[in-house]
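Chemist: Just so it is clear, I am handing over data.pdb, which has PDB, C-alpha atoms and all ligand atoms.
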```
ATOM      1  CA  MET F   1     109.040  76.501  86.817
ATOM      2  CA  LYS F   2     109.079  78.470  83.612
ATOM      3  CA  ARG F   3     111.643  81.272  83.717
ATOM      4  CA  ARG F   4     110.770  84.418  81.867
ATOM      5  CA  LYS F   5     113.414  86.223  79.917
ATOM      6  CA  PHE F   6     113.650  89.952  80.232
ATOM      7  CA  ILE F   7     115.591  92.233  78.023
ATOM      8  CA  GLN F   8     116.441  95.908  78.189
ATOM      9  CA  ASN F   9     114.669  97.971  75.631
ATOM     10  CA  ALA F  10     117.932  99.714  74.840
ATOM     11  CA  ALA F  11     119.116  96.539  73.175
ATOM     12  CA  LEU F  12     115.793  95.765  71.684
ATOM     13  CA  GLY F  13     116.034  97.054  68.118
ATOM     14  CA  SER F  14     117.321  93.912  66.433
ATOM     15  CA  VAL F  15     115.981  91.459  68.974
ATOM     16  CA  ALA F  16     112.410  92.716  68.798
ATOM     17  CA  ALA F  17     111.934  91.447  65.278
ATOM     18  CA  THR F  18     112.951  87.947  66.296
ATOM     19  CA  ILE F  19     110.950  87.659  69.466
ATOM     20  CA  GLY F  20     108.018  89.789  68.438
ATOM     21  CA  ALA F  21     108.205  92.031  71.480
ATOM     22  CA  SER F  22     105.823  94.948  71.045
ATOM     23  CA  LEU F  23     107.365  98.389  71.207
ATOM     24  CA  ILE F  24     105.168 100.206  68.761
ATOM     25  CA  ALA F  25     104.507 103.834  69.663
ATOM     26  CA  CYS F  26     106.558 103.862  72.869
ATOM     27  CA  THR F  27     107.039 107.187  74.587
ATOM     28  CA  ASP F  28     110.534 108.139  75.734
ATOM     29  CA  SER F  29     109.739 107.165  79.304
ATOM     30  CA  GLU F  30     108.425 103.779  78.220
ATOM     31  CA  LYS F  31     111.636 103.169  76.294
ATOM     32  CA  LYS F  32     113.501 102.873  79.584
ATOM     33  CA  THR F  33     111.124 100.179  80.721
ATOM     34  CA  VAL F  34     112.223  96.573  80.975
ATOM     35  CA  ILE F  35     109.762  94.498  79.013
ATOM     36  CA  ALA F  36     108.927  90.843  78.835
ATOM     37  CA  ALA F  37     110.132  89.049  75.737
ATOM     38  CA  GLU F  38     107.413  86.484  75.468
ATOM     39  CA  ASP F  39     105.582  84.719  72.731
ATOM     40  CA  PRO F  40     102.977  87.309  71.612
ATOM     41  CA  SER F  41     100.295  84.649  71.696
ATOM     42  CA  ASP F  42     100.839  84.424  75.489
ATOM     43  CA  ARG F  43      99.937  88.058  76.002
ATOM     44  CA  LYS F  44      96.711  88.796  77.807
ATOM     45  CA  TYR F  45      96.886  92.574  77.620
ATOM     46  CA  PRO F  46      95.848  95.342  77.568
ATOM     47  CA  VAL F  47      93.905  94.625  80.724
ATOM     48  CA  VAL F  48      92.403  96.424  83.703
ATOM     49  CA  ILE F  49      91.494  94.745  87.006
ATOM     50  CA  ALA F  50      89.862  96.363  90.027
ATOM     51  CA  THR F  51      88.609  95.308  93.416
ATOM     52  CA  TRP F  52      84.826  94.957  93.757
ATOM     53  CA  ASP F  53      82.060  95.319  91.181
ATOM     54  CA  VAL F  54      83.073  98.624  89.630
ATOM     55  CA  LYS F  55      82.316  98.232  85.927
ATOM     56  CA  GLU F  56      81.967 101.960  85.281
ATOM     57  CA  ALA F  57      85.397 102.506  86.794
ATOM     58  CA  THR F  58      87.088  99.762  84.759
ATOM     59  CA  ALA F  59      85.256 100.975  81.622
ATOM     60  CA  SER F  60      86.669 104.446  82.173
ATOM     61  CA  ALA F  61      90.185 103.044  82.604
ATOM     62  CA  TRP F  62      89.778 100.885  79.494
ATOM     63  CA  GLN F  63      88.594 103.900  77.485
ATOM     64  CA  SER F  64      91.666 105.840  78.613
ATOM     65  CA  LEU F  65      93.933 102.995  77.460
ATOM     66  CA  LYS F  66      92.079 102.927  74.142
ATOM     67  CA  GLU F  67      92.712 106.645  73.731
ATOM     68  CA  GLY F  68      96.422 105.969  74.175
ATOM     69  CA  LYS F  69      96.715 107.386  77.678
ATOM     70  CA  SER F  70      99.285 105.826  80.002
ATOM     71  CA  ALA F  71      98.453 102.915  82.309
ATOM     72  CA  LEU F  72      98.902 105.339  85.218
ATOM     73  CA  GLN F  73      96.393 107.829  83.815
ATOM     74  CA  ALA F  74      93.974 104.982  83.066
ATOM     75  CA  VAL F  75      94.083 103.906  86.719
ATOM     76  CA  ILE F  76      93.555 107.479  87.906
ATOM     77  CA  ASP F  77      90.624 107.971  85.520
ATOM     78  CA  GLY F  78      89.094 104.658  86.621
ATOM     79  CA  CYS F  79      89.458 105.270  90.357
ATOM     80  CA  ALA F  80      88.092 108.816  89.937
ATOM     81  CA  VAL F  81      84.734 107.342  88.891
ATOM     82  CA  GLU F  82      84.316 105.685  92.293
ATOM     83  CA  GLU F  83      85.747 108.677  94.179
ATOM     84  CA  ALA F  84      83.010 110.835  92.630
ATOM     85  CA  ASN F  85      80.245 108.291  93.303
ATOM     86  CA  ALA F  86      78.402 109.642  96.349
ATOM     87  CA  ASP F  87      76.554 106.329  96.781
ATOM     88  CA  GLY F  88      79.802 104.440  97.436
ATOM     89  CA  GLN F  89      80.507 104.705 101.161
ATOM     90  CA  SER F  90      84.125 103.607 101.170
ATOM     91  CA  VAL F  91      85.871 105.940  98.732
ATOM     92  CA  GLY F  92      85.920 109.678  98.008
ATOM     93  CA  VAL F  93      82.703 111.656  98.446
ATOM     94  CA  GLY F  94      80.198 109.723 100.543
ATOM     95  CA  GLY F  95      82.948 107.783 102.344
ATOM     96  CA  LEU F  96      81.967 106.835 105.883
ATOM     97  CA  PRO F  97      83.666 109.152 108.371
ATOM     98  CA  ASP F  98      85.922 108.491 111.347
ATOM     99  CA  ARG F  99      84.329 108.223 114.777
ATOM    100  CA  ASP F 100      84.372 112.021 115.104
ATOM    101  CA  GLY F 101      82.431 112.477 111.864
ATOM    102  CA  ARG F 102      85.342 113.488 109.605
ATOM    103  CA  VAL F 103      85.818 111.906 106.181
ATOM    104  CA  THR F 104      89.555 111.275 105.776
ATOM    105  CA  LEU F 105      90.935 109.754 102.597
ATOM    106  CA  ASP F 106      94.062 107.719 101.766
ATOM    107  CA  ALA F 107      95.280 107.054  98.217
ATOM    108  CA  CYS F 108      98.426 106.173  96.314
ATOM    109  CA  VAL F 109      99.719 105.485  92.829
ATOM    110  CA  MET F 110     102.743 103.608  91.538
ATOM    111  CA  ASN F 111     104.025 103.622  87.988
ATOM    112  CA  GLU F 112     106.162 101.383  85.804
ATOM    113  CA  HIS F 113     109.375 103.097  86.900
ATOM    114  CA  GLY F 114     108.757 102.273  90.551
ATOM    115  CA  ASP F 115     107.800 105.887  91.310
ATOM    116  CA  TYR F 116     105.224 106.245  94.064
ATOM    117  CA  GLY F 117     103.099 109.054  95.495
ATOM    118  CA  ALA F 118     100.521 109.086  98.283
ATOM    119  CA  VAL F 119      98.243 111.179 100.413
ATOM    120  CA  LEU F 120      97.176 110.066 103.870
ATOM    121  CA  CYS F 121      94.305 111.194 106.040
ATOM    122  CA  MET F 122      93.381 114.019 103.666
ATOM    123  CA  GLU F 123      90.069 115.854 104.112
ATOM    124  CA  ASN F 124      87.782 117.863 101.827
ATOM    125  CA  ILE F 125      89.271 116.837  98.457
ATOM    126  CA  MET F 126      87.207 114.455  96.333
ATOM    127  CA  HIS F 127      90.012 112.974  94.226
ATOM    128  CA  PRO F 128      92.910 111.897  96.452
ATOM    129  CA  ILE F 129      94.282 109.594  93.736
ATOM    130  CA  ALA F 130      94.900 112.549  91.416
ATOM    131  CA  VAL F 131      96.583 114.408  94.273
ATOM    132  CA  ALA F 132      98.766 111.334  94.945
ATOM    133  CA  LYS F 133      99.963 111.478  91.315
ATOM    134  CA  MET F 134     100.894 115.142  91.784
ATOM    135  CA  VAL F 135     102.777 114.330  94.992
ATOM    136  CA  MET F 136     104.735 111.776  92.939
ATOM    137  CA  GLU F 137     105.379 114.038  89.969
ATOM    138  CA  ASP F 138     105.507 117.570  91.354
ATOM    139  CA  THR F 139     107.097 117.357  94.795
ATOM    140  CA  PRO F 140     110.417 116.047  96.112
ATOM    141  CA  HIS F 141     108.432 113.782  98.501
ATOM    142  CA  VAL F 142     106.424 110.595  98.205
ATOM    143  CA  ILE F 143     103.835 111.041 100.994
ATOM    144  CA  LEU F 144     101.899 114.089 102.158
ATOM    145  CA  ALA F 145      99.509 113.737 105.096
ATOM    146  CA  GLY F 146      96.589 115.588 106.643
ATOM    147  CA  VAL F 147      96.466 119.368 106.414
ATOM    148  CA  GLY F 148      99.657 119.485 104.341
ATOM    149  CA  ALA F 149      98.162 117.157 101.741
ATOM    150  CA  GLU F 150      94.993 119.254 101.605
ATOM    151  CA  GLN F 151      96.949 122.497 101.263
ATOM    152  CA  PHE F 152      99.035 120.977  98.477
ATOM    153  CA  ALA F 153      95.888 119.818  96.668
ATOM    154  CA  VAL F 154      94.353 123.300  96.876
ATOM    155  CA  SER F 155      97.600 124.837  95.622
ATOM    156  CA  GLN F 156      97.321 122.536  92.595
ATOM    157  CA  GLY F 157      93.792 123.740  91.786
ATOM    158  CA  PHE F 158      91.632 121.155  93.602
ATOM    159  CA  LYS F 159      88.589 122.634  95.301
ATOM    160  CA  ARG F 160      87.652 122.011  98.894
ATOM    161  CA  GLU F 161      84.252 120.390  99.324
ATOM    162  CA  ASN F 162      82.220 118.668 101.993
ATOM    163  CA  LEU F 163      82.615 114.900 101.480
ATOM    164  CA  LEU F 164      80.161 113.856 104.215
ATOM    165  CA  THR F 165      76.876 113.045 102.466
ATOM    166  CA  GLU F 166      73.559 112.943 104.319
ATOM    167  CA  ALA F 167      73.473 109.118 104.009
ATOM    168  CA  SER F 168      76.959 108.725 105.512
ATOM    169  CA  LYS F 169      76.126 111.212 108.258
ATOM    170  CA  ARG F 170      73.025 109.194 109.117
ATOM    171  CA  GLY F 171      75.142 106.002 109.200
ATOM    172  CA  TRP F 172      77.616 107.646 111.578
ATOM    173  CA  GLU F 173      74.830 108.962 113.835
ATOM    174  CA  ALA F 174      73.254 105.504 113.985
ATOM    175  CA  TRP F 175      76.659 103.972 114.807
ATOM    176  CA  LYS F 176      77.219 106.482 117.631
ATOM    177  CA  LYS F 177      74.034 105.381 119.409
ATOM    178  CA  THR F 178      75.309 101.860 120.090
ATOM    179  CA  ALA F 179      79.046 101.765 119.426
ATOM    180  CA  GLU F 180      80.396 103.292 122.654
ATOM    181  CA  TYR F 181      82.946 105.144 120.489
ATOM    182  CA  LYS F 182      84.730 101.859 119.658
ATOM    183  CA  PRO F 183      85.977 101.317 116.078
ATOM    184  CA  ILE F 184      84.364  98.222 114.558
ATOM    185  CA  ILE F 185      86.292  95.457 112.886
ATOM    186  CA  ASN F 186      84.056  93.379 110.666
ATOM    187  CA  ILE F 187      84.082  91.915 107.224
ATOM    188  CA  GLU F 188      81.804  94.499 105.631
ATOM    189  CA  ASN F 189      83.310  97.869 106.332
ATOM    190  CA  HIS F 190      86.165  97.939 103.807
ATOM    191  CA  ASP F 191      85.496  98.365 100.116
ATOM    192  CA  THR F 192      88.706 100.030  99.014
ATOM    193  CA  ILE F 193      89.090 100.486  95.280
ATOM    194  CA  GLY F 194      92.418  99.154  94.055
ATOM    195  CA  MET F 195      93.045  99.105  90.321
ATOM    196  CA  LEU F 196      95.847  97.753  88.110
ATOM    197  CA  ALA F 197      96.205  98.490  84.398
ATOM    198  CA  MET F 198      98.521  97.177  81.705
ATOM    199  CA  ASP F 199      98.630  99.000  78.378
ATOM    200  CA  LYS F 200      99.133  97.523  74.914
ATOM    201  CA  ASN F 201     102.903  97.705  75.349
ATOM    202  CA  GLY F 202     102.850  95.692  78.558
ATOM    203  CA  VAL F 203     103.462  98.733  80.810
ATOM    204  CA  ILE F 204     101.886  98.364  84.268
ATOM    205  CA  SER F 205     100.700 100.943  86.803
ATOM    206  CA  GLY F 206      98.406 100.816  89.806
ATOM    207  CA  GLY F 207      96.397 102.906  92.223
ATOM    208  CA  CYS F 208      94.453 102.492  95.423
ATOM    209  CA  THR F 209      91.927 104.861  97.035
ATOM    210  CA  THR F 210      89.806 104.628 100.185
ATOM    211  CA  SER F 211      88.092 106.361 103.060
ATOM    212  CA  GLY F 212      89.424 103.518 105.199
ATOM    213  CA  LEU F 213      87.827 101.712 108.074
ATOM    214  CA  ALA F 214      84.406 103.178 108.835
ATOM    215  CA  PHE F 215      84.247 105.023 112.201
ATOM    216  CA  LYS F 216      87.986 104.572 112.761
ATOM    217  CA  MET F 217      89.940 106.534 115.355
ATOM    218  CA  ALA F 218      90.983 110.011 114.230
ATOM    219  CA  GLY F 219      94.322 109.845 112.434
ATOM    220  CA  ARG F 220      94.089 106.141 111.642
ATOM    221  CA  VAL F 221      95.740 105.193 108.346
ATOM    222  CA  GLY F 222      95.307 101.771 106.753
ATOM    223  CA  ASP F 223      97.198  99.926 104.069
ATOM    224  CA  SER F 224      95.773 101.553 100.971
ATOM    225  CA  ALA F 225      98.213 104.427 100.576
ATOM    226  CA  ILE F 226     101.266 102.606 101.915
ATOM    227  CA  ILE F 227     103.680 101.254  99.340
ATOM    228  CA  GLY F 228     104.042  97.473  99.507
ATOM    229  CA  ALA F 229     100.924  97.086 101.635
ATOM    230  CA  GLY F 230      97.904  98.350  99.689
ATOM    231  CA  LEU F 231      99.729  98.529  96.359
ATOM    232  CA  PHE F 232     102.942  97.430  94.708
ATOM    233  CA  VAL F 233     104.041  97.544  91.078
ATOM    234  CA  ASP F 234     107.194  96.025  89.636
ATOM    235  CA  ASN F 235     107.006  96.434  85.889
ATOM    236  CA  GLU F 236     109.343  93.479  85.332
ATOM    237  CA  ILE F 237     107.106  91.109  87.284
ATOM    238  CA  GLY F 238     103.581  92.381  87.875
ATOM    239  CA  ALA F 239     101.456  94.256  90.378
ATOM    240  CA  CYS F 240      99.090  93.735  93.275
ATOM    241  CA  THR F 241      96.583  95.753  95.271
ATOM    242  CA  ALA F 242      94.490  94.988  98.329
ATOM    243  CA  THR F 243      91.141  95.583  99.951
ATOM    244  CA  GLY F 244      90.029  94.686 103.441
ATOM    245  CA  LEU F 245      91.318  95.268 106.927
ATOM    246  CA  GLY F 246      94.370  97.448 106.416
ATOM    247  CA  GLU F 247      96.012  96.558 109.718
ATOM    248  CA  GLU F 248      96.392  92.937 108.569
ATOM    249  CA  VAL F 249      97.617  93.862 105.099
ATOM    250  CA  LEU F 250     100.182  96.249 106.609
ATOM    251  CA  LYS F 251     101.555  93.637 109.026
ATOM    252  CA  THR F 252     102.254  91.226 106.181
ATOM    253  CA  VAL F 253     103.316  93.853 103.580
ATOM    254  CA  GLY F 254     100.767  92.060 101.454
ATOM    255  CA  SER F 255     101.028  93.577  97.972
ATOM    256  CA  TYR F 256     104.823  93.438  97.958
ATOM    257  CA  LEU F 257     104.601  89.834  99.111
ATOM    258  CA  VAL F 258     102.295  88.935  96.209
ATOM    259  CA  VAL F 259     104.661  90.513  93.665
ATOM    260  CA  GLU F 260     107.659  88.733  95.198
ATOM    261  CA  LEU F 261     105.776  85.424  95.080
ATOM    262  CA  MET F 262     105.082  86.022  91.375
ATOM    263  CA  ARG F 263     108.807  86.751  90.933
ATOM    264  CA  GLN F 264     109.430  83.278  92.333
ATOM    265  CA  GLY F 265     107.180  81.806  89.645
ATOM    266  CA  LYS F 266     103.731  81.705  91.224
ATOM    267  CA  SER F 267     100.721  82.679  89.124
ATOM    268  CA  PRO F 268      98.797  85.787  90.243
ATOM    269  CA  GLN F 269      96.117  83.528  91.698
ATOM    270  CA  GLU F 270      98.602  81.343  93.620
ATOM    271  CA  ALA F 271     100.454  84.405  94.913
ATOM    272  CA  CYS F 272      97.255  86.084  96.133
ATOM    273  CA  LYS F 273      96.219  82.857  97.848
ATOM    274  CA  GLU F 274      99.554  82.456  99.636
ATOM    275  CA  ALA F 275      99.482  86.064 100.863
ATOM    276  CA  VAL F 276      95.941  85.572 102.205
ATOM    277  CA  MET F 277      97.035  82.338 103.900
ATOM    278  CA  ARG F 278      99.865  84.169 105.717
ATOM    279  CA  ILE F 279      97.183  86.321 107.335
ATOM    280  CA  VAL F 280      94.845  83.412 108.048
ATOM    281  CA  ASN F 281      97.684  81.428 109.651
ATOM    282  CA  LYS F 282      98.828  84.333 111.831
ATOM    283  CA  SER F 283      95.500  85.824 112.897
ATOM    284  CA  LYS F 284      93.356  83.910 115.358
ATOM    285  CA  ASN F 285      90.420  86.187 114.559
ATOM    286  CA  TYR F 286      90.526  85.993 110.752
ATOM    287  CA  LYS F 287      86.833  85.021 110.821
ATOM    288  CA  ASP F 288      86.033  88.570 111.906
ATOM    289  CA  PHE F 289      87.588  90.454 109.004
ATOM    290  CA  GLN F 290      88.015  90.354 105.262
ATOM    291  CA  VAL F 291      91.179  90.770 103.187
ATOM    292  CA  ALA F 292      91.383  90.277  99.423
ATOM    293  CA  TYR F 293      94.149  90.731  96.873
ATOM    294  CA  ILE F 294      94.028  91.162  93.116
ATOM    295  CA  ALA F 295      97.156  90.800  90.993
ATOM    296  CA  MET F 296      98.450  90.713  87.440
ATOM    297  CA  ASN F 297     101.682  89.353  86.034
ATOM    298  CA  LYS F 298     103.783  90.494  83.115
ATOM    299  CA  LYS F 299     101.772  88.446  80.645
ATOM    300  CA  GLY F 300      98.615  90.277  81.731
ATOM    301  CA  GLU F 301      97.268  87.186  83.499
ATOM    302  CA  THR F 302      95.174  88.156  86.509
ATOM    303  CA  GLY F 303      94.233  86.487  89.769
ATOM    304  CA  ALA F 304      92.494  87.194  93.049
ATOM    305  CA  TYR F 305      91.846  85.551  96.383
ATOM    306  CA  SER F 306      90.043  86.556  99.583
ATOM    307  CA  ILE F 307      89.649  85.252 103.109
ATOM    308  CA  HIS F 308      85.853  85.113 102.919
ATOM    309  CA  ASP F 309      83.508  84.818  99.999
ATOM    310  CA  GLY F 310      81.563  87.927  99.057
ATOM    311  CA  PHE F 311      84.556  89.550  97.392
ATOM    312  CA  VAL F 312      84.434  90.134  93.619
ATOM    313  CA  ALA F 313      86.834  91.667  91.118
ATOM    314  CA  THR F 314      86.110  93.427  87.823
ATOM    315  CA  VAL F 315      88.280  92.613  84.815
ATOM    316  CA  TYR F 316      88.248  94.458  81.486
ATOM    317  CA  ARG F 317      90.003  92.510  78.750
ATOM    318  CA  ASP F 318      89.441  91.933  75.011
ATOM    319  CA  GLY F 319      86.705  94.574  75.065
ATOM    320  CA  LYS F 320      84.733  92.679  77.746
ATOM    321  CA  ASN F 321      84.012  94.105  81.194
ATOM    322  CA  THR F 322      83.260  91.214  83.556
ATOM    323  CA  THR F 323      82.727  90.657  87.240
ATOM    324  CA  GLU F 324      84.698  87.667  88.491
ATOM    325  CA  VAL F 325      84.074  85.759  91.695
ATOM    326  CA  PRO F 326      87.464  84.601  92.957
ATOM    327  CA  GLU F 327      88.080  81.645  95.234
ATOM    328  CA  SER F 328      88.175  82.319  98.934
ATOM    329  CA  TYR F 329      89.545  80.499 101.975
ATOM    330  CA  ASN F 330      86.317  80.569 103.926
ATOM    331  CA  SER F 331      83.697  79.731 101.313
ATOM    332  CA  LEU F 332      80.274  79.455 102.805
TER     333      LEU F 332
HETATM  334  N1  LIG O 401      91.977  98.705 103.185
HETATM  335  C1  LIG O 401      91.511  99.936 103.610
HETATM  336  C2  LIG O 401      91.841 100.275 104.985
HETATM  337  O1  LIG O 401      91.987  99.425 105.834
HETATM  338  O2  LIG O 401      91.943 101.443 105.270
END
```
Show me this structure written as structure tokens.
Modeler:
Amino acid sequence: MKRRKFIQNAALGSVAATIGASLIACTDSEKKTVIAAEDPSDRKYPVVIATWDVKEATASAWQSLKEGKSALQAVIDGCAVEEANADGQSVGVGGLPDRDGRVTLDACVMNEHGDYGAVLCMENIMHPIAVAKMVMEDTPHVILAGVGAEQFAVSQGFKRENLLTEASKRGWEAWKKTAEYKPIINIENHDTIGMLAMDKNGVISGGCTTSGLAFKMAGRVGDSAIIGAGLFVDNEIGACTATGLGEEVLKTVGSYLVVELMRQGKSPQEACKEAVMRIVNKSKNYKDFQVAYIAMNKKGETGAYSIHDGFVATVYRDGKNTTEVPESYNSL
């Protein structure tokens, strides 16, 4: 197993010239970051990876990186594209509601310093990921939920709006006719957007945003906004985010697990696969639900793995925005 060497930026001045570590144009906050001292030819960054086929979202994140914005801001800008897309029924406006017809959103962000912010079960605000960043930066807390999250968002200048589109309302009304008020678990009703970005200096951040399980019980929260489950970033090692049935991701602390597996030397792909296999091996009914992880390591290498096929990831690297079809456990 190849061991990576990490050095503190504080001691970098003389060493950087020898190892070619890139520190050009660092901000003060980036200067505190531990960076990988690798052969520059190994570097596969800057890079953006997101769950599902979301090329406009990754293009927006890439553009933000190109403009010199932080990896965190790139992720927020990218996720905001899907939050504002009324045709997407799993994130932001147009998200499918809970079984009582309310659209409730979960989102979180994590930056290169290990700072984290989240909103849970928040209504009426289109961009929960931007609110999550403000929770992280402008409050003494890391999670705000429900009415408190909404009030905080409004106090920060976000406007309240109806997130239930006519199409999602029709979907909910159709569901009510046959569902007997029971939440459905299946492999189609989770399309959470998780996104990871690494800037030209190798700084990593991530975000995750969702309306959660369609027609869920009121108050239900999934993995997406919970640190270690739907998202985890360790700037020394890499990052991971998840999509799929949140209950299963939560029980295995999936994103943290993937990062820890990369710390032990696994590639992003191998780590995602092992985390999926933990779920498959523990859950008798894995055939009934989907879970997928995407990950990146400190070199900017990316990987993904899902229980079932049908999952895709979008990767923006070297100026190319591509949809990748990862391996899955249950290929048809
Ligand atoms: N992964 C999204 C959710 O379960 O809420």
Chemist: Please identify every residue of chain F that has at least one atom no farther than 8 Å from an atom of ligand LIG 401 (chain O), counting all atoms listed in the file, and for each give the shortest atom pair and the distance in Å to one decimal, arranged by chain then increasing number, as a tab-separated table.
Modeler:
```
residue	atom	partner	partner_atom	distance
F:Asp106	CA	O:LIG401	O2	7.5
F:His190	CA	O:LIG401	C1	5.7
F:Asp191	CA	O:LIG401	C1	7.1
F:Thr192	CA	O:LIG401	C1	5.4
F:Thr210	CA	O:LIG401	C1	6.1
F:Ser211	CA	O:LIG401	O2	6.6
F:Gly212	CA	O:LIG401	O2	3.3
F:Leu213	CA	O:LIG401	O2	5.0
F:Val221	CA	O:LIG401	O2	6.2
F:Gly222	CA	O:LIG401	O2	3.7
F:Asp223	CA	O:LIG401	N1	5.4
F:Ser224	CA	O:LIG401	N1	5.2
F:Gly230	CA	O:LIG401	N1	6.9
F:Ala242	CA	O:LIG401	N1	6.6
F:Thr243	CA	O:LIG401	N1	4.6
F:Gly244	CA	O:LIG401	N1	4.5
F:Leu245	CA	O:LIG401	O1	4.4
F:Gly246	CA	O:LIG401	O1	3.2
F:Glu247	CA	O:LIG401	O1	6.3
F:Val249	CA	O:LIG401	N1	7.7
F:Val291	CA	O:LIG401	N1	8.0
```
Chemist: Identify all residues satisfying the PyMOL selection byres (((chain F and resi 239) around 8) and not hetatm) in the given file; provide them as JSON, numbers by chain.
Modeler: {"F": [196, 204, 205, 206, 231, 232, 233, 234, 235, 237, 238, 240, 241, 255, 258, 259, 295, 296, 297]}
Chemist: Between CA of Gln290 in chain F and CA of Met195 in chain F, what is the distance, to one decimal in Å?
Modeler: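 Interatomic distance here is 18.0 Å.
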Chemist: May I ask which of the residues F:Gly157, F:Gly92, F:Gly207, F:Gly303 is the closest one to Gly228 in chain F, counting all atoms listed in the file?
Modeler: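 Closest to Gly228 in chain F, using all atoms listed in the file: F:Gly207.
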Chemist: Between CA of Thr322 in chain F and CA of Gly194 in chain F, what is the distance, to one decimal in Å?
Modeler: 16.0 Å
Chemist: Could you check how far CA of Thr178 in chain F sits from CA of Val93 in chain F, in Å to one decimal?
Modeler: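 Computed distance, CA of Thr178 in chain F to CA of Val93 in chain F, equals 24.9 Å.
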Chemist: Show me, as a PyMOL selection string, the residues that have an atom within 8 Å of Ile226 in chain F when counting all atoms listed in the file, minus same-chain residues fewer than 6 positions from it.
Modeler: chain F and resi 108+118+250
Chemist: Print the selection's residues with C-alpha atoms to a file, as a PDB file, in the coordinates of the input.
Modeler:
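Result saved to again.pdb:
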```pdb
ATOM      1  CA  CYS F 108      98.426 106.173  96.314  1.00  0.00           C
ATOM      2  CA  ALA F 118     100.521 109.086  98.283  1.00  0.00           C
ATOM      3  CA  LEU F 250     100.182  96.249 106.609  1.00  0.00           C
TER       4      LEU F 250
END
```
Chemist: Decode the PyMOL selection byres (((chain F and resi 87) around 12) and not hetatm) for the given file into explicit residues and return them as a PyMOL selection string.
Modeler: chain F and resi 81-86+88-96+163-168
Chemist: Keeping only C-alpha atoms, write the selected residues to a file as a short mmCIF file (atom, residue, chain, number, x, y, z; two decimals), keeping the file's coordinate frame.
Modeler:
```
data_model
loop_
_atom_site.label_atom_id
_atom_site.label_comp_id
_atom_site.auth_asym_id
_atom_site.auth_seq_id
_atom_site.Cartn_x
_atom_site.Cartn_y
_atom_site.Cartn_z
CA VAL F 81 84.73 107.34 88.89
CA GLU F 82 84.32 105.68 92.29
CA GLU F 83 85.75 108.68 94.18
CA ALA F 84 83.01 110.84 92.63
CA ASN F 85 80.24 108.29 93.30
CA ALA F 86 78.40 109.64 96.35
CA GLY F 88 79.80 104.44 97.44
CA GLN F 89 80.51 104.70 101.16
CA SER F 90 84.12 103.61 101.17
CA VAL F 91 85.87 105.94 98.73
CA GLY F 92 85.92 109.68 98.01
CA VAL F 93 82.70 111.66 98.45
CA GLY F 94 80.20 109.72 100.54
CA GLY F 95 82.95 107.78 102.34
CA LEU F 96 81.97 106.84 105.88
CA LEU F 163 82.62 114.90 101.48
CA LEU F 164 80.16 113.86 104.22
CA THR F 165 76.88 113.04 102.47
CA GLU F 166 73.56 112.94 104.32
CA ALA F 167 73.47 109.12 104.01
CA SER F 168 76.96 108.72 105.51
#
```
Chemist: Env of Lys182 in chain F: 9 Å cut, atoms = all atoms listed in the file, seq-sep filter 3 positions within chain, self excluded. Answer as a PyMOL selection string.
Modeler: chain F and resi 99+179+215-217
Chemist: Taking every listed atom of range 199-204 of chain F and adding 3 Å to each side, what centre and edge lengths in Å (one decimal) does the axis-aligned box have, as lines of an AutoDock Vina configuration file?
Modeler:
```
center_x = 101.0
center_y = 97.3
center_z = 79.6
size_x = 10.8
size_y = 9.3
size_z = 15.4
```
Chemist: Restricting the calculation to only C-alpha atoms, which member of F:Arg263, F:Lys298, F:His141, F:Lys273 is positioned closest to Asp42 in chain F?
Modeler: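 Going through F:Arg263, F:Lys298, F:His141, F:Lys273 one by one, the smallest distance to Asp42 in chain F is for F:Lys298.
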Chemist: Closest to Asn281 in chain F among F:Val103, F:Gly265, F:Ile307, F:Asp98, using all atoms listed in the file?
Modeler: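 Among the listed residues, F:Ile307 lies closest to Asn281 in chain F.
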Chemist: Hey, which of F:Val276, F:Ala57, F:Val154, F:Ala71 ends up closest to His308 in chain F? Count only C-alpha atoms.
Modeler: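 Between F:Val276, F:Ala57, F:Val154, F:Ala71, the residue approaching His308 in chain F most closely is F:Val276.
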Chemist: Running the PyMOL selection byres (((chain F and resi 51) around 6) and not hetatm) on this model by hand, what would come out? Give it as an MDAnalysis selection string.
Modeler: chainID F and resid 50 52 193:194 313
Chemist: Go through range 40-121 of chain F and flag each residue having an atom no more than 10 Å from range 198-201 of chain F; for those, report the closest pair of atoms plus their distance in Å to one decimal, using all atoms listed in the file, ordered by chain and rising number, as CSV.
Modeler:
```
residue,atom,partner,partner_atom,distance
F:Arg43,CA,F:Lys200,CA,9.6
F:Lys44,CA,F:Met198,CA,9.4
F:Tyr45,CA,F:Lys200,CA,6.1
F:Pro46,CA,F:Asp199,CA,4.7
F:Val47,CA,F:Met198,CA,5.4
F:Val48,CA,F:Met198,CA,6.5
F:Ile49,CA,F:Met198,CA,9.1
F:Trp62,CA,F:Asp199,CA,9.1
F:Ser64,CA,F:Asp199,CA,9.8
F:Leu65,CA,F:Asp199,CA,6.2
F:Lys66,CA,F:Asp199,CA,8.7
F:Gly68,CA,F:Asp199,CA,8.4
F:Lys69,CA,F:Asp199,CA,8.6
F:Ser70,CA,F:Asp199,CA,7.0
F:Ala71,CA,F:Asp199,CA,5.6
F:Leu72,CA,F:Met198,CA,8.9
F:Ala74,CA,F:Asp199,CA,8.9
F:Val75,CA,F:Met198,CA,9.5
F:Glu112,CA,F:Met198,CA,9.6
```
Chemist: Given all atoms listed in the file as the basis, pick out the residue of F:Val119, F:Lys176, F:Glu248, F:Val253 nearest to Gly148 in chain F.
Modeler: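 Of the candidates, the smallest distance to Gly148 in chain F is held by F:Val119.
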